[in-house]
$ cat model.cif   # mmCIF, C-alpha atoms
data_work
#
loop_
_atom_site.label_atom_id
_atom_site.label_comp_id
_atom_site.auth_asym_id
_atom_site.auth_seq_id
_atom_site.Cartn_x
_atom_site.Cartn_y
_atom_site.Cartn_z
CA MET A 1 14.03 29.87 6.38
CA SER A 2 12.08 32.77 7.83
CA GLU A 3 12.95 36.37 7.04
CA PHE A 4 15.80 37.86 9.07
CA GLN A 5 14.66 40.04 11.96
CA ARG A 6 17.03 42.30 13.86
CA ILE A 7 15.48 41.68 17.27
CA THR A 8 18.50 43.23 18.96
CA GLU A 9 17.39 46.59 17.55
CA SER A 10 13.71 46.28 18.41
CA ALA A 11 12.08 48.58 20.97
CA SER A 12 12.56 47.93 24.66
CA HIS A 13 9.62 46.53 26.60
CA TYR A 14 10.08 49.43 29.01
CA ARG A 15 9.25 53.09 28.47
CA HIS A 16 10.33 56.36 30.09
CA LEU A 17 13.40 54.92 31.78
CA GLU A 18 14.47 58.38 32.90
CA GLN A 19 11.38 58.56 35.11
CA MET A 20 12.13 55.33 36.96
CA THR A 21 13.67 55.20 40.42
CA ILE A 22 17.01 53.47 40.84
CA ALA A 23 15.20 50.59 42.54
CA GLU A 24 12.93 50.21 39.52
CA LEU A 25 15.83 50.42 37.07
CA VAL A 26 17.94 47.72 38.69
CA GLN A 27 14.88 45.51 39.25
CA HIS A 28 13.85 45.66 35.60
CA ILE A 29 17.42 45.14 34.36
CA ASN A 30 17.64 42.07 36.55
CA GLU A 31 14.31 40.81 35.24
CA GLU A 32 15.64 41.07 31.70
CA ASP A 33 18.94 39.43 32.63
CA THR A 34 17.13 36.33 33.92
CA LYS A 35 16.01 35.68 30.34
CA VAL A 36 19.59 35.19 29.13
CA PRO A 37 20.37 31.70 30.51
CA GLN A 38 16.99 30.52 29.25
CA ALA A 39 17.90 31.68 25.76
CA VAL A 40 21.32 30.04 26.02
CA ALA A 41 19.66 26.76 27.05
CA LYS A 42 17.60 26.77 23.85
CA ALA A 43 20.81 27.04 21.83
CA MET A 44 22.59 24.17 23.59
CA PRO A 45 22.48 21.68 20.67
CA HIS A 46 24.25 24.20 18.45
CA ILE A 47 26.69 25.14 21.21
CA GLU A 48 27.60 21.48 21.63
CA LYS A 49 28.34 21.14 17.92
CA LEU A 50 30.49 24.26 18.00
CA VAL A 51 32.47 23.16 21.06
CA THR A 52 33.00 19.69 19.58
CA ALA A 53 34.37 21.14 16.36
CA VAL A 54 36.63 23.59 18.22
CA SER A 55 37.97 20.85 20.50
CA GLU A 56 38.77 18.54 17.59
CA LYS A 57 40.77 21.24 15.83
CA MET A 58 42.68 22.16 18.99
CA LEU A 59 43.41 18.51 19.80
CA ASP A 60 44.97 18.29 16.34
CA GLY A 61 47.24 21.24 17.16
CA GLY A 62 45.18 24.09 15.78
CA ARG A 63 44.55 27.51 17.29
CA LEU A 64 41.26 29.16 18.21
CA PHE A 65 40.53 32.69 16.98
CA TYR A 66 37.78 34.99 18.20
CA LEU A 67 36.91 37.81 15.80
CA GLY A 68 34.50 40.64 16.57
CA ALA A 69 33.81 44.36 16.80
CA GLY A 70 32.86 46.56 19.73
CA THR A 71 31.54 44.70 22.79
CA SER A 72 31.66 41.38 20.97
CA GLY A 73 35.31 41.86 20.07
CA ARG A 74 36.20 42.87 23.62
CA LEU A 75 34.50 39.78 25.02
CA GLY A 76 36.53 37.58 22.68
CA ILE A 77 39.75 39.26 23.76
CA LEU A 78 38.78 38.81 27.41
CA ASP A 79 38.12 35.10 26.99
CA ALA A 80 41.32 34.55 25.01
CA SER A 81 43.48 36.48 27.47
CA GLU A 82 42.28 34.39 30.42
CA CYS A 83 43.20 31.01 28.91
CA PRO A 84 46.99 31.12 29.55
CA PRO A 85 46.82 32.06 33.26
CA THR A 86 43.87 29.79 33.98
CA TYR A 87 44.97 26.71 32.07
CA GLY A 88 48.71 27.20 31.52
CA VAL A 89 48.43 27.08 27.73
CA PRO A 90 50.86 29.13 25.66
CA GLN A 91 50.08 32.65 24.54
CA GLY A 92 48.77 32.46 21.00
CA LEU A 93 46.77 29.26 21.35
CA VAL A 94 43.57 31.27 21.79
CA ILE A 95 43.63 34.65 20.06
CA GLY A 96 41.14 37.51 20.26
CA ILE A 97 40.98 40.03 17.41
CA ILE A 98 38.90 43.22 17.44
CA ALA A 99 38.00 45.52 14.58
CA GLY A 100 40.10 48.66 14.88
CA GLY A 101 43.00 46.95 16.66
CA ASP A 102 44.17 47.34 20.25
CA LYS A 103 42.91 50.92 20.45
CA ALA A 104 39.37 49.60 20.05
CA ILE A 105 39.67 47.58 23.27
CA ARG A 106 39.35 50.78 25.31
CA GLU A 107 37.54 53.18 23.01
CA ALA A 108 35.29 53.12 19.98
CA VAL A 109 37.00 53.23 16.59
CA GLU A 110 34.60 54.75 14.07
CA PHE A 111 33.56 52.58 11.12
CA ALA A 112 36.14 49.88 11.95
CA GLU A 113 33.49 47.17 11.70
CA ASP A 114 32.21 48.25 8.28
CA SER A 115 34.94 46.71 6.12
CA ASN A 116 34.30 43.34 4.49
CA GLU A 117 38.02 42.76 4.00
CA GLU A 118 39.73 43.98 7.16
CA GLY A 119 38.74 40.99 9.30
CA TRP A 120 40.38 38.60 6.88
CA ASN A 121 43.42 40.86 6.66
CA ASP A 122 43.71 40.76 10.45
CA LEU A 123 43.52 36.95 10.47
CA GLN A 124 46.21 36.69 7.81
CA ARG A 125 48.61 38.62 10.04
CA PHE A 126 48.60 35.51 12.25
CA ASN A 127 49.39 33.21 9.30
CA ILE A 128 46.08 31.42 9.76
CA THR A 129 45.73 27.99 8.15
CA ASP A 130 43.11 25.27 7.78
CA LYS A 131 44.39 23.74 11.03
CA ASP A 132 42.85 26.66 12.94
CA PHE A 133 39.29 27.50 13.92
CA VAL A 134 37.65 30.96 13.78
CA ILE A 135 34.59 32.07 15.76
CA GLY A 136 32.92 35.26 14.58
CA LEU A 137 31.25 37.30 17.31
CA ALA A 138 28.49 39.72 16.31
CA ALA A 139 25.50 40.47 18.52
CA SER A 140 23.49 41.76 15.57
CA GLY A 141 24.73 39.07 13.24
CA THR A 142 25.29 41.65 10.51
CA THR A 143 28.81 43.00 11.14
CA PRO A 144 30.67 43.20 7.77
CA TYR A 145 34.08 42.86 9.47
CA VAL A 146 33.05 39.47 10.85
CA ILE A 147 30.94 38.19 7.96
CA GLY A 148 33.61 39.02 5.38
CA ALA A 149 36.27 37.23 7.42
CA LEU A 150 34.14 34.09 7.79
CA GLN A 151 33.40 34.06 4.07
CA HIS A 152 37.12 34.24 3.30
CA CYS A 153 37.74 31.44 5.79
CA ARG A 154 35.21 29.23 4.01
CA GLN A 155 36.89 29.93 0.68
CA ASN A 156 40.21 28.85 2.21
CA GLY A 157 38.98 25.69 3.92
CA ILE A 158 39.16 27.13 7.45
CA SER A 159 36.48 25.90 9.86
CA THR A 160 34.30 28.57 11.45
CA GLY A 161 31.62 29.21 14.03
CA SER A 162 29.60 32.24 15.01
CA ILE A 163 27.78 33.59 18.05
CA CYS A 164 25.01 36.15 17.58
CA CYS A 165 21.69 37.16 19.11
CA ASN A 166 19.34 37.37 16.14
CA PRO A 167 17.62 34.44 14.42
CA ASN A 168 18.60 33.54 10.85
CA ALA A 169 21.33 36.17 10.86
CA PRO A 170 23.72 36.73 7.92
CA VAL A 171 26.70 35.80 10.09
CA SER A 172 25.11 32.40 10.74
CA ALA A 173 24.91 31.74 7.02
CA ALA A 174 28.63 32.46 6.75
CA ALA A 175 29.61 30.06 9.56
CA ASP A 176 29.94 26.28 9.61
CA TYR A 177 28.76 26.05 13.23
CA PRO A 178 26.43 28.97 13.99
CA VAL A 179 25.00 29.69 17.43
CA GLU A 180 22.07 32.07 17.82
CA VAL A 181 21.08 33.07 21.35
CA VAL A 182 17.93 35.15 20.95
CA VAL A 183 17.59 37.17 24.15
CA GLY A 184 14.99 39.63 22.86
CA PRO A 185 14.93 43.44 23.00
CA GLU A 186 17.44 45.15 25.26
CA PHE A 187 16.39 47.17 28.32
CA VAL A 188 17.84 50.23 26.62
CA THR A 189 16.80 49.85 22.99
CA GLY A 190 19.66 48.54 20.89
CA SER A 191 22.20 48.45 23.74
CA THR A 192 23.64 45.03 22.97
CA ARG A 193 26.34 45.41 25.61
CA MET A 194 23.58 44.28 28.00
CA LYS A 195 21.72 40.97 27.46
CA SER A 196 23.38 40.18 24.15
CA GLY A 197 26.84 40.74 25.65
CA THR A 198 25.96 38.57 28.63
CA ALA A 199 24.74 35.81 26.33
CA GLN A 200 27.94 35.88 24.30
CA LYS A 201 30.03 35.77 27.48
CA LEU A 202 28.14 32.70 28.71
CA VAL A 203 28.70 30.88 25.43
CA LEU A 204 32.36 31.86 25.32
CA ASN A 205 32.75 30.46 28.85
CA MET A 206 31.42 27.15 27.57
CA VAL A 207 33.60 27.12 24.46
CA SER A 208 36.94 27.81 26.12
CA THR A 209 36.30 25.87 29.33
CA ALA A 210 35.07 22.74 27.58
CA ALA A 211 37.89 22.92 25.04
CA MET A 212 40.54 23.29 27.76
CA ILE A 213 39.08 20.31 29.61
CA GLN A 214 39.24 18.28 26.39
CA LEU A 215 42.89 19.31 26.06
CA GLY A 216 43.61 17.86 29.51
CA ARG A 217 44.18 21.19 31.23
CA VAL A 218 41.82 20.37 34.12
CA GLU A 219 42.11 17.49 36.61
CA ASP A 220 38.93 16.57 38.48
CA ASN A 221 37.54 20.11 38.94
CA GLN A 222 40.85 21.88 39.44
CA MET A 223 43.11 24.14 37.38
CA VAL A 224 46.23 22.03 37.81
CA ASN A 225 48.06 23.90 35.03
CA MET A 226 47.28 27.46 36.14
CA GLN A 227 50.08 30.02 36.08
CA LEU A 228 51.36 31.06 39.49
CA SER A 229 51.02 34.75 38.72
CA ASN A 230 49.98 36.11 42.13
CA GLU A 231 49.90 35.14 45.80
CA LYS A 232 46.26 34.06 45.66
CA LEU A 233 47.01 31.55 42.91
CA VAL A 234 50.16 30.34 44.64
CA ASP A 235 48.16 29.70 47.80
CA ARG A 236 45.46 27.91 45.82
CA GLY A 237 48.11 25.76 44.17
CA ILE A 238 49.72 24.92 47.50
CA ARG A 239 46.41 23.72 48.91
CA MET A 240 45.76 21.68 45.79
CA VAL A 241 49.15 20.00 46.20
CA MET A 242 48.49 19.35 49.89
CA ASN A 243 45.15 17.79 49.09
CA ARG A 244 46.42 15.62 46.25
CA LEU A 245 49.48 14.41 48.17
CA GLY A 246 47.62 13.98 51.46
CA THR A 247 49.96 16.21 53.45
CA ASN A 248 49.36 18.97 56.00
CA ASP A 249 52.82 20.45 55.50
CA TYR A 250 52.17 23.83 53.87
CA THR A 251 55.88 24.70 53.58
CA GLU A 252 56.77 21.44 51.90
CA ALA A 253 53.89 21.82 49.44
CA LYS A 254 54.93 25.39 48.69
CA ASN A 255 58.53 24.37 48.02
CA LEU A 256 57.38 21.62 45.68
CA LEU A 257 55.05 23.95 43.82
CA LEU A 258 57.57 26.73 43.36
CA THR A 259 60.26 24.26 42.35
CA HIS A 260 58.20 22.57 39.65
CA GLY A 261 56.09 25.53 38.56
CA SER A 262 52.59 24.01 38.49
CA VAL A 263 50.41 21.58 40.37
CA LYS A 264 50.45 19.16 37.46
CA LYS A 265 54.25 19.12 37.29
CA VAL A 266 54.43 18.48 41.04
CA LEU A 267 52.13 15.50 40.72
CA LEU A 268 54.05 14.15 37.75
CA ALA A 269 57.35 14.47 39.64
CA VAL A 270 56.15 13.04 42.95
CA THR A 271 53.73 10.33 41.85
CA LYS A 272 55.34 9.54 38.48
CA GLU A 273 51.82 9.31 37.11
CA PRO A 274 49.79 11.69 34.98
CA ALA A 275 47.96 14.30 37.06
#
$ encode --input "model.cif" --output "structure tokens"
Amino acid sequence: MSEFQRITESASHYRHLEQMTIAELVQHINEEDTKVPQAVAKAMPHIEKLVTAVSEKMLDGGRLFYLGAGTSGRLGILDASECPPTYGVPQGLVIGIIAGGDKAIREAVEFAEDSNEEGWNDLQRFNITDKDFVIGLAASGTTPYVIGALQHCRQNGISTGSICCNPNAPVSAAADYPVEVVVGPEFVTGSTRMKSGTAQKLVLNMVSTAAMIQLGRVEDNQMVNMQLSNEKLVDRGIRMVMNRLGTNDYTEAKNLLLTHGSVKKVLLAVTKEPA
């Protein structure tokens, strides 16, 4: 294995950013951003292994935990929080944990990521077991909060994955299913909220979406289990019901949807078949 390089901290390919016009700034940021999906594509074999392992655990009744600090932690919380409304799964099936607690979602908490023990302590508050799966998120791949937690998970027979943006990173060594998306130097040197954050978001989209599909929370290409939490989603659900039942009666479809609570439950009630 080659020596670990912290590419996320290496110097930007661009100099004297303060002298650039706005047009130049946004053009160069966009140029860098186009490199992200290419880097994700190179990691696809490892992403597939991670998603497969996550799906198997969740199909067996386990939970999925995301654990990270700073931007990485916030991205995990974002992905976890969107699973219940999008797929109708219960709160607590996908859980995002950030170093420094809820306060750290909105503002930086100094030195929260530097403890090797606190990540594991945070996981234990959720009574984690070997039925669950933990994904450590660390752009640099060196965050003690994440690495320590994954090491404790391994000692306790808990399956783990990781997502980082440096090759041969320490966090990868601590994970059973590591994913390394090497996006190169950031536009602003070391600002991993940029390309590295985008890369992590793309991988998280794959993890949760593919897992929810495996759990049967999607029918065809539609969110038949979504929560009806606003008028836009109610309208979307009504049109899904109309399409699936072959009716043009908006009022009837709305009554069915609101009575049963989800598109899937409407289809189960009306057709007596699985949606």
$ closest_residue --input "model.cif" --among "A:Ile147, A:Val54, A:Met44, A:Ile7" --to "A:Asn166" --atoms "all atoms listed in the file"
A:Ile7
$ residues_around --input "model.cif" --residues "stretch 210-215 of chain A" --least-positions-apart "5" --cutoff "9 Å" --atoms "all atoms listed in the file" --output "ChimeraX atom specification"
/A:51-52,54-56,58-59,83,87,89,205
$ residues_around --input "model.cif" --residues "stretch 176-178 of chain A" --least-positions-apart "4" --cutoff "8 Å" --atoms "all atoms listed in the file" --output "short mmCIF file (atom, residue, chain, number, x, y, z; two decimals) with C-alpha atoms, keeping the file's coordinate frame"
data_model
loop_
_atom_site.label_atom_id
_atom_site.label_comp_id
_atom_site.auth_asym_id
_atom_site.auth_seq_id
_atom_site.Cartn_x
_atom_site.Cartn_y
_atom_site.Cartn_z
CA HIS A 46 24.25 24.20 18.45
CA LYS A 49 28.34 21.14 17.92
CA LEU A 50 30.49 24.26 18.00
CA SER A 159 36.48 25.90 9.86
CA THR A 160 34.30 28.57 11.45
CA GLY A 161 31.62 29.21 14.03
CA SER A 162 29.60 32.24 15.01
CA ILE A 163 27.78 33.59 18.05
CA VAL A 171 26.70 35.80 10.09
CA SER A 172 25.11 32.40 10.74
#
$ residues_around --input "model.cif" --residues "stretch 190-201 of chain A" --least-positions-apart "3" --cutoff "6 Å" --atoms "only C-alpha atoms" --output "ChimeraX atom specification"
/A:8-9,36,71,186,204
$ closest_residue --input "model.cif" --among "A:Pro170, A:Gly88, A:Gly157, A:Pro185" --to "A:Val263" --atoms "only C-alpha atoms"
A:Gly88
$ residues_around --input "model.cif" --residues "A:Lys265" --least-positions-apart "3" --cutoff "12 Å" --atoms "only C-alpha atoms" --output "MDAnalysis selection string"
chainID A and resid 88 217 224:227 237 241 256:262 268:275
$ closest_residue --input "model.cif" --among "A:Met20, A:Ser140, A:Arg106, A:Ile158" --to "A:Leu123" --atoms "all atoms listed in the file"
A:Ile158
